$ cat work.txt   # compact mmCIF, C-alpha atoms and all ligand atoms
# COMPACT_ATOMS: atom_id res chain seq x y z
CA MET A 1 53.32 53.23 -130.06
CA THR A 2 53.33 54.91 -126.63
CA CYS A 3 55.46 57.86 -125.91
CA ARG A 4 56.66 57.94 -122.35
CA ILE A 5 58.18 61.27 -121.45
CA LEU A 6 57.28 60.95 -117.73
CA PRO A 7 57.53 57.88 -115.52
CA ARG A 8 54.21 56.00 -114.97
CA HIS A 9 53.66 57.14 -111.32
CA TRP A 10 54.06 60.78 -112.44
CA HIS A 11 51.12 60.33 -114.83
CA LYS A 12 48.94 59.23 -111.95
CA LYS A 13 49.91 62.29 -109.86
CA ALA A 14 49.23 64.67 -112.77
CA TYR A 15 45.83 63.06 -113.25
CA LEU A 16 44.95 63.46 -109.56
CA PHE A 17 46.22 67.04 -109.54
CA ASN A 18 44.08 67.81 -112.56
CA LEU A 19 41.03 66.32 -110.89
CA ILE A 20 41.49 68.33 -107.69
CA CYS A 21 41.96 71.56 -109.66
CA HIS A 22 38.70 70.96 -111.56
CA TYR A 23 36.88 70.23 -108.33
CA ILE A 24 38.14 73.45 -106.69
CA LEU A 25 37.19 75.50 -109.77
CA ALA A 26 33.71 73.96 -109.79
CA VAL A 27 33.19 74.85 -106.09
CA ILE A 28 34.38 78.43 -106.66
CA PHE A 29 31.99 78.78 -109.64
CA LEU A 30 29.04 77.42 -107.67
CA VAL A 31 29.61 79.77 -104.71
CA TRP A 32 29.97 82.74 -107.05
CA THR A 33 26.77 82.05 -108.98
CA GLN A 34 24.82 81.48 -105.76
CA ASN A 35 25.95 84.87 -104.43
CA ALA A 36 25.12 86.59 -107.69
CA MET A 37 21.62 85.05 -107.76
CA THR A 38 20.65 85.75 -104.16
CA ALA A 39 21.96 89.34 -104.43
CA SER A 40 23.00 89.72 -100.83
CA TYR A 41 23.31 93.46 -100.35
CA VAL A 42 25.78 94.44 -97.67
CA THR A 43 26.40 98.14 -97.66
CA HIS A 44 23.93 100.95 -97.17
CA SER A 45 24.46 102.25 -100.71
CA GLU A 46 23.87 98.77 -102.17
CA LEU A 47 20.61 98.49 -100.24
CA ALA A 48 19.54 102.01 -101.31
CA ALA A 49 20.37 101.21 -104.95
CA ALA A 50 18.33 97.98 -104.78
CA LEU A 51 15.39 99.86 -103.29
CA ARG A 52 15.66 102.62 -105.92
CA TRP A 53 15.70 99.99 -108.66
CA GLN A 54 12.54 98.37 -107.27
CA MET A 55 10.79 101.76 -107.12
CA GLU A 56 11.80 102.52 -110.70
CA MET A 57 10.37 99.14 -111.72
CA GLY A 58 7.05 100.21 -110.18
CA VAL A 59 7.16 98.29 -106.91
CA ASP A 60 5.31 100.40 -104.37
CA VAL A 61 3.79 97.97 -101.91
CA ALA A 62 5.07 94.93 -100.02
CA LEU A 63 2.60 92.07 -100.36
CA VAL A 64 4.67 89.49 -98.50
CA ASP A 65 7.61 89.67 -96.09
CA SER A 66 10.20 88.26 -98.49
CA PRO A 67 10.60 88.65 -102.27
CA ALA A 68 8.32 86.41 -104.33
CA THR A 69 7.75 85.92 -108.02
CA GLN A 70 4.33 86.40 -109.56
CA GLY A 71 4.09 82.62 -109.95
CA GLU A 72 4.61 82.16 -106.22
CA LEU A 73 1.93 84.75 -105.45
CA GLN A 74 -0.53 82.99 -107.74
CA THR A 75 0.28 79.72 -106.00
CA THR A 76 -0.66 81.40 -102.71
CA SER A 77 -3.93 82.56 -104.21
CA LEU A 78 -4.72 79.11 -105.55
CA LYS A 79 -4.05 77.53 -102.15
CA VAL A 80 -6.52 79.89 -100.54
CA ASP A 81 -9.11 79.25 -103.22
CA VAL A 82 -8.88 75.54 -102.54
CA GLN A 83 -9.45 76.21 -98.85
CA GLN A 84 -12.43 78.39 -99.75
CA GLN A 85 -13.91 75.55 -101.77
CA ASN A 86 -14.28 73.55 -98.57
CA LYS A 87 -16.57 76.21 -97.11
CA PRO A 88 -20.32 76.07 -97.70
CA PRO A 89 -21.28 78.06 -100.83
CA GLU A 90 -22.51 81.61 -100.30
CA SER A 91 -25.84 82.65 -101.65
CA GLY A 92 -26.11 85.55 -104.08
CA PRO A 93 -23.72 86.99 -106.64
CA LEU A 94 -20.91 87.86 -104.23
CA SER A 95 -19.76 84.36 -103.43
CA ALA A 96 -16.17 83.17 -103.01
CA ALA A 97 -16.54 81.33 -106.32
CA ALA A 98 -16.44 84.73 -108.02
CA ALA A 99 -12.71 85.11 -107.25
CA PRO A 100 -10.94 86.13 -110.48
CA ALA A 101 -8.55 83.59 -111.95
CA ASP A 102 -6.57 86.05 -114.02
CA ASP A 103 -5.82 88.79 -111.49
CA ILE A 104 -2.16 89.57 -110.94
CA TYR A 105 -2.69 89.99 -107.22
CA PRO A 106 -4.50 87.41 -105.12
CA VAL A 107 -8.00 88.58 -104.26
CA LEU A 108 -9.16 86.59 -101.29
CA PHE A 109 -12.79 86.50 -100.42
CA SER A 110 -13.81 85.28 -97.01
CA ALA A 111 -17.21 83.77 -96.40
CA GLN A 112 -18.19 87.25 -95.21
CA THR A 113 -20.15 89.56 -97.54
CA PRO A 114 -21.58 92.91 -96.50
CA GLY A 115 -24.99 92.27 -98.16
CA SER A 116 -28.15 92.28 -96.15
CA ASP A 117 -26.92 93.34 -92.67
CA LEU A 118 -26.40 96.86 -94.01
CA ALA A 119 -30.09 97.68 -93.73
CA ALA A 120 -29.42 97.96 -89.98
CA VAL A 121 -26.71 100.57 -90.58
CA LYS A 122 -28.38 103.92 -89.97
CA THR A 123 -25.51 106.41 -89.66
CA LEU A 124 -22.26 107.25 -91.44
CA ASP A 125 -20.27 106.31 -88.32
CA ALA A 126 -21.98 102.92 -88.22
CA LEU A 127 -21.22 102.44 -91.91
CA ARG A 128 -17.56 103.36 -91.40
CA ASN A 129 -17.37 100.87 -88.51
CA ALA A 130 -19.02 98.16 -90.61
CA MET A 131 -16.35 98.72 -93.27
CA LEU A 132 -13.55 98.74 -90.72
CA ASP A 133 -14.85 95.40 -89.39
CA PHE A 134 -15.20 93.83 -92.83
CA ASP A 135 -12.45 91.30 -93.55
CA GLY A 136 -13.82 89.87 -96.78
CA CYS A 137 -11.64 91.81 -99.22
CA ALA A 138 -7.90 91.28 -99.69
CA LEU A 139 -7.37 94.96 -100.56
CA LYS A 140 -7.77 95.74 -96.86
CA LYS A 141 -4.67 93.67 -96.10
CA THR A 142 -2.38 95.65 -98.40
CA ALA A 143 -3.87 99.11 -97.73
CA SER A 144 -2.63 101.35 -94.91
CA ASN A 145 -5.97 103.02 -94.20
CA LEU A 146 -9.67 102.85 -94.92
CA VAL A 147 -10.51 105.83 -97.13
CA PHE A 148 -14.11 106.52 -96.21
CA ALA A 149 -15.08 110.04 -97.30
CA ASP A 150 -14.41 113.76 -97.09
CA GLY A 151 -16.49 116.91 -97.31
CA ASN A 152 -19.95 117.81 -96.10
CA PRO A 153 -22.47 114.98 -95.51
CA GLU A 154 -25.28 117.58 -95.92
CA ALA A 155 -24.04 118.63 -99.37
CA LYS A 156 -26.31 118.37 -102.41
CA ILE A 157 -23.48 116.94 -104.53
CA MET A 158 -21.96 113.52 -103.91
CA ILE A 159 -18.74 112.97 -105.87
CA ILE A 160 -17.81 109.33 -106.43
CA GLY A 161 -14.34 108.51 -107.73
CA GLU A 162 -12.65 105.18 -108.34
CA ALA A 163 -10.24 104.16 -105.58
CA PRO A 164 -7.65 105.70 -103.29
CA GLY A 165 -4.11 106.20 -104.59
CA GLY A 166 -0.90 106.30 -102.58
CA ASP A 167 -1.49 109.74 -101.01
CA GLU A 168 -5.10 108.93 -100.12
CA ASP A 169 -4.03 105.59 -98.64
CA ARG A 170 -1.43 107.32 -96.42
CA MET A 171 -3.82 110.06 -95.25
CA GLY A 172 -7.07 108.08 -95.12
CA LEU A 173 -8.88 110.75 -97.18
CA PRO A 174 -10.14 110.70 -100.78
CA PHE A 175 -8.70 112.93 -103.51
CA VAL A 176 -5.78 114.48 -101.66
CA GLY A 177 -3.05 113.69 -104.24
CA ALA A 178 -2.40 115.34 -107.61
CA ALA A 179 -5.83 114.34 -108.98
CA GLY A 180 -7.45 115.69 -105.80
CA GLN A 181 -5.71 119.03 -106.22
CA LEU A 182 -7.07 119.26 -109.75
CA LEU A 183 -10.52 118.32 -108.45
CA ASP A 184 -10.32 121.23 -105.98
CA LYS A 185 -9.48 123.56 -108.89
CA MET A 186 -12.37 122.17 -110.94
CA LEU A 187 -14.78 122.82 -108.08
CA ALA A 188 -13.33 126.30 -107.56
CA ALA A 189 -14.02 127.01 -111.26
CA ILE A 190 -17.76 126.79 -110.48
CA GLY A 191 -17.47 128.57 -107.13
CA LEU A 192 -17.47 125.45 -104.91
CA ASP A 193 -15.11 123.90 -102.40
CA ARG A 194 -15.07 120.72 -100.31
CA GLN A 195 -17.70 122.10 -97.93
CA HIS A 196 -20.15 122.18 -100.86
CA VAL A 197 -19.62 118.52 -101.76
CA TYR A 198 -19.33 115.07 -100.22
CA ILE A 199 -16.58 112.88 -101.71
CA THR A 200 -16.07 109.12 -101.68
CA ASN A 201 -14.88 106.32 -103.96
CA ILE A 202 -16.27 103.04 -105.25
CA LEU A 203 -13.50 101.25 -103.30
CA PRO A 204 -12.39 102.30 -99.81
CA TRP A 205 -9.01 100.53 -100.00
CA ARG A 206 -6.17 101.21 -102.39
CA PRO A 207 -5.56 98.50 -105.03
CA PRO A 208 -1.83 97.61 -104.90
CA GLY A 209 0.16 99.60 -107.43
CA ASN A 210 -2.95 101.70 -108.22
CA ARG A 211 -4.17 99.04 -110.61
CA THR A 212 -7.74 99.30 -111.91
CA PRO A 213 -10.16 97.64 -109.47
CA SER A 214 -11.32 94.22 -110.64
CA SER A 215 -15.02 93.72 -111.31
CA GLU A 216 -15.13 91.23 -108.42
CA GLU A 217 -13.76 93.79 -105.97
CA VAL A 218 -16.26 96.37 -107.21
CA ALA A 219 -19.15 93.91 -106.91
CA LEU A 220 -18.04 92.76 -103.47
CA LEU A 221 -17.90 96.27 -102.04
CA TRP A 222 -20.91 97.69 -103.90
CA PRO A 223 -23.35 97.11 -100.98
CA PHE A 224 -21.28 99.52 -98.86
CA LEU A 225 -21.35 102.24 -101.52
CA ARG A 226 -25.06 101.71 -102.12
CA ARG A 227 -25.77 102.19 -98.40
CA HIS A 228 -23.43 105.21 -98.40
CA ILE A 229 -25.49 106.79 -101.19
CA GLN A 230 -28.73 106.04 -99.35
CA LEU A 231 -27.44 107.64 -96.13
CA ILE A 232 -26.15 110.79 -97.88
CA ALA A 233 -29.23 111.04 -100.14
CA PRO A 234 -27.61 113.65 -102.41
CA LYS A 235 -29.48 115.76 -104.95
CA VAL A 236 -27.03 114.73 -107.65
CA ILE A 237 -24.15 112.25 -108.00
CA PHE A 238 -21.08 113.38 -109.95
CA ALA A 239 -19.47 110.11 -111.12
CA LEU A 240 -15.80 110.64 -111.92
CA GLY A 241 -14.16 108.28 -114.41
CA GLY A 242 -15.12 105.13 -116.27
CA SER A 243 -15.17 102.71 -113.32
CA SER A 244 -17.49 104.89 -111.30
CA ALA A 245 -19.79 105.74 -114.21
CA LYS A 246 -20.04 102.11 -115.37
CA LEU A 247 -20.88 100.88 -111.89
CA LEU A 248 -23.45 103.54 -111.06
CA LEU A 249 -25.12 103.47 -114.47
CA ASN A 250 -24.83 99.69 -114.75
CA THR A 251 -23.35 99.80 -118.22
CA THR A 252 -20.25 98.78 -120.15
CA THR A 253 -20.26 101.94 -122.29
CA GLY A 254 -17.05 103.99 -122.13
CA ILE A 255 -16.81 107.26 -120.20
CA LEU A 256 -16.16 109.35 -123.32
CA LYS A 257 -19.64 108.40 -124.56
CA LEU A 258 -21.30 108.58 -121.16
CA ARG A 259 -19.91 111.90 -119.93
CA GLY A 260 -22.23 114.86 -119.66
CA GLN A 261 -25.44 112.83 -119.97
CA VAL A 262 -27.58 112.66 -116.85
CA GLN A 263 -29.41 109.45 -116.01
CA GLU A 264 -31.81 108.93 -113.12
CA ILE A 265 -30.86 105.81 -111.19
CA ASP A 266 -32.85 104.03 -108.51
CA PHE A 267 -30.65 103.46 -105.45
CA GLY A 268 -33.58 102.42 -103.25
CA ASP A 269 -34.21 99.10 -101.60
CA ALA A 270 -36.65 96.65 -103.11
CA GLY A 271 -40.08 98.21 -103.40
CA GLN A 272 -38.92 101.66 -102.25
CA ALA A 273 -37.74 103.88 -105.09
CA ASN A 274 -34.90 106.34 -104.43
CA LEU A 275 -34.20 108.06 -107.74
CA ILE A 276 -31.04 110.14 -107.93
CA PRO A 277 -29.65 111.83 -111.08
CA VAL A 278 -26.13 110.67 -111.95
CA LEU A 279 -23.89 112.94 -114.04
CA PRO A 280 -20.80 111.10 -115.34
CA SER A 281 -17.67 113.09 -116.10
CA LEU A 282 -13.97 112.74 -116.77
CA HIS A 283 -11.67 111.73 -113.93
CA PRO A 284 -9.17 114.42 -112.88
CA ALA A 285 -6.33 111.86 -113.13
CA TYR A 286 -7.29 111.42 -116.79
CA LEU A 287 -7.42 115.20 -117.27
CA LEU A 288 -3.87 115.44 -115.92
CA ARG A 289 -2.79 113.11 -118.74
CA ALA A 290 -5.11 114.61 -121.37
CA PRO A 291 -5.40 118.35 -120.58
CA LYS A 292 -7.19 119.03 -123.89
CA MET A 293 -10.23 117.23 -122.44
CA LYS A 294 -10.58 119.85 -119.68
CA GLN A 295 -12.93 121.82 -121.91
CA GLN A 296 -15.42 118.94 -121.92
CA ALA A 297 -15.00 118.48 -118.18
CA PHE A 298 -15.81 122.18 -117.74
CA HIS A 299 -19.11 121.72 -119.62
CA ASP A 300 -19.95 118.92 -117.16
CA LEU A 301 -19.07 121.15 -114.21
CA LEU A 302 -21.40 123.86 -115.51
CA ALA A 303 -24.17 121.25 -115.88
CA LEU A 304 -23.49 120.10 -112.31
CA LYS A 305 -23.77 123.64 -111.01
CA SER A 306 -27.09 124.22 -112.73
CA MET A 307 -28.50 120.90 -111.48
CA CYS A 308 -27.85 122.06 -107.92
CA ARG A 309 -29.59 125.37 -108.46
CA GLY A 310 -32.77 123.85 -109.81
N1 LIG B 401 -8.52 108.83 -107.63
C1 LIG B 401 -9.72 108.43 -107.19
O1 LIG B 401 -10.53 107.94 -107.96
N2 LIG B 401 -10.01 108.59 -105.93
C2 LIG B 401 -9.16 109.13 -105.06
O2 LIG B 401 -9.50 109.24 -103.89
C3 LIG B 401 -7.92 109.56 -105.54
C4 LIG B 401 -7.62 109.40 -106.83

$ encode --input "work.txt" --output "structure tokens"
Amino acid sequence: MTCRILPRHWHKKAYLFNLICHYILAVIFLVWTQNAMTASYVTHSELAAALRWQMEMGVDVALVDSPATQGELQTTSLKVDVQQQNKPPESGPLSAAAAPADDIYPVLFSAQTPGSDLAAVKTLDALRNAMLDFDGCALKKTASNLVFADGNPEAKIMIIGEAPGGDEDRMGLPFVGAAGQLLDKMLAAIGLDRQHVYITNILPWRPPGNRTPSSEEVALLWPFLRRHIQLIAPKVIFALGGSSAKLLLNTTTGILKLRGQVQEIDFGDAGQANLIPVLPSLHPAYLLRAPKMKQQAFHDLLALKSMCRG
């Protein structure tokens, strides 16, 4: 049995009306969700809030011009790696094939490696220029400045830290941020200042977000640091932190075991020995987080002082 309250042509109109209403609602919903997902900020305070949110989430460097997800960044890195595969293989351990697969940020190696040409570099200025000219490390692209060194090139003590942070990157000088201020106090505790030491890092460019340098980046840039050590020819190297100690002592042992124990390391070229004592110690950035360890760092500082006297 059919119940006809409305005439037949009214049913058709109601059906059409219903259809149009659903269509309009669907369009409104689509436009709304699009706007919500693309987050188009209009006012100054909206933009400032978005920027503040990004800073709170730890974003401190722009890698690309527009926002990208980590997946998109890794796609970029893979594309470059494929291009690199078409190049002739490099000889030696620093080849493009060494690019890390699991790094969060793309590390792009060009065919260029610093390697053997550095024997021709005879002065610190020439070394700085060689590093400025070097385009084989992606860290250079995201850094603001090359952080070469600070202090006195004639000093007996060469301090080698890990990598520049944000303040160092802005100023182009090593150890000028909070860790640097603590380093100054540590030196003052044994009667020294920056004119008594020469300071550099294992990496001259800041890793984005202050992440720990990858082993590939460290290996790639090692020839520069090695030449730097040869040119300074210090009486003692004070290696600050695990990355520096592990690289210079060629070990995987942790810094808490290594600290305070001097090892003589040969930084010479093949056939020509150049033995320099390396004293590993705790990084000031670590001491800021673990002030109880300052006592151990002070023992190392006293050892450093006596090594320079002898
Ligand atoms: N930490 C380092 O290892 N080096 C710097 O230059 C600054 C902080």

$ closest_residue --input "work.txt" --among "A:Leu132, A:Leu146, A:Leu304, A:Leu220" --to "ligand LIG 401 (chain B)" --atoms "only C-alpha atoms and all ligand atoms"
A:Leu146

$ residues_near_ligand --input "work.txt" --ligand "ligand LIG 401 (chain B)" --cutoff "9 Å" --atoms "only C-alpha atoms and all ligand atoms" --output "count of residues only"
34

$ closest_residue --input "work.txt" --among "A:Ile237, A:Leu301, A:Met307, A:Ile229" --to "Gly260 (chain A)" --atoms "all atoms listed in the file"
A:Leu301

$ residues_near_point --input "work.txt" --point "(-29.5, 110.1, -111.3)" --cutoff "7 Å" --atoms "only C-alpha atoms" --output "PDB file with C-alpha atoms, in the frame of the given file"
ATOM      1  CA  VAL A 236     -27.030 114.730-107.650  1.00  0.00           C
ATOM      2  CA  ILE A 237     -24.150 112.250-108.000  1.00  0.00           C
ATOM      3  CA  VAL A 262     -27.580 112.660-116.850  1.00  0.00           C
ATOM      4  CA  GLN A 263     -29.410 109.450-116.010  1.00  0.00           C
ATOM      5  CA  GLU A 264     -31.810 108.930-113.120  1.00  0.00           C
ATOM      6  CA  ILE A 265     -30.860 105.810-111.190  1.00  0.00           C
ATOM      7  CA  LEU A 275     -34.200 108.060-107.740  1.00  0.00           C
ATOM      8  CA  ILE A 276     -31.040 110.140-107.930  1.00  0.00           C
ATOM      9  CA  PRO A 277     -29.650 111.830-111.080  1.00  0.00           C
ATOM     10  CA  VAL A 278     -26.130 110.670-111.950  1.00  0.00           C
ATOM     11  CA  LEU A 279     -23.890 112.940-114.040  1.00  0.00           C
TER      12      LEU A 279
END

$ residues_around --input "work.txt" --residues "region 188-194 of chain A" --least-positions-apart "2" --cutoff "7 Å" --atoms "all atoms listed in the file" --output "PyMOL selection string"
chain A and resi 151+184-186+196-197+301-302+305

$ atom_distance --input "work.txt" --atom1 "CA of Leu118 (chain A)" --atom2 "CA of Ala233 (chain A)"
15.7 Å

$ closest_residue --input "work.txt" --among "A:Leu139, A:Leu47, A:Ala130, A:Cys21" --to "Arg211 (chain A)" --atoms "only C-alpha atoms"
A:Leu139

$ closest_residue --input "work.txt" --among "A:Leu182, A:Val218, A:Leu249, A:Ala138" --to "Ala297 (chain A)" --atoms "only C-alpha atoms"
A:Leu182

$ closest_residue --input "work.txt" --among "A:Pro234, A:Pro223, A:Pro280, A:Gly271" --to "Thr253 (chain A)" --atoms "all atoms listed in the file"
A:Pro280
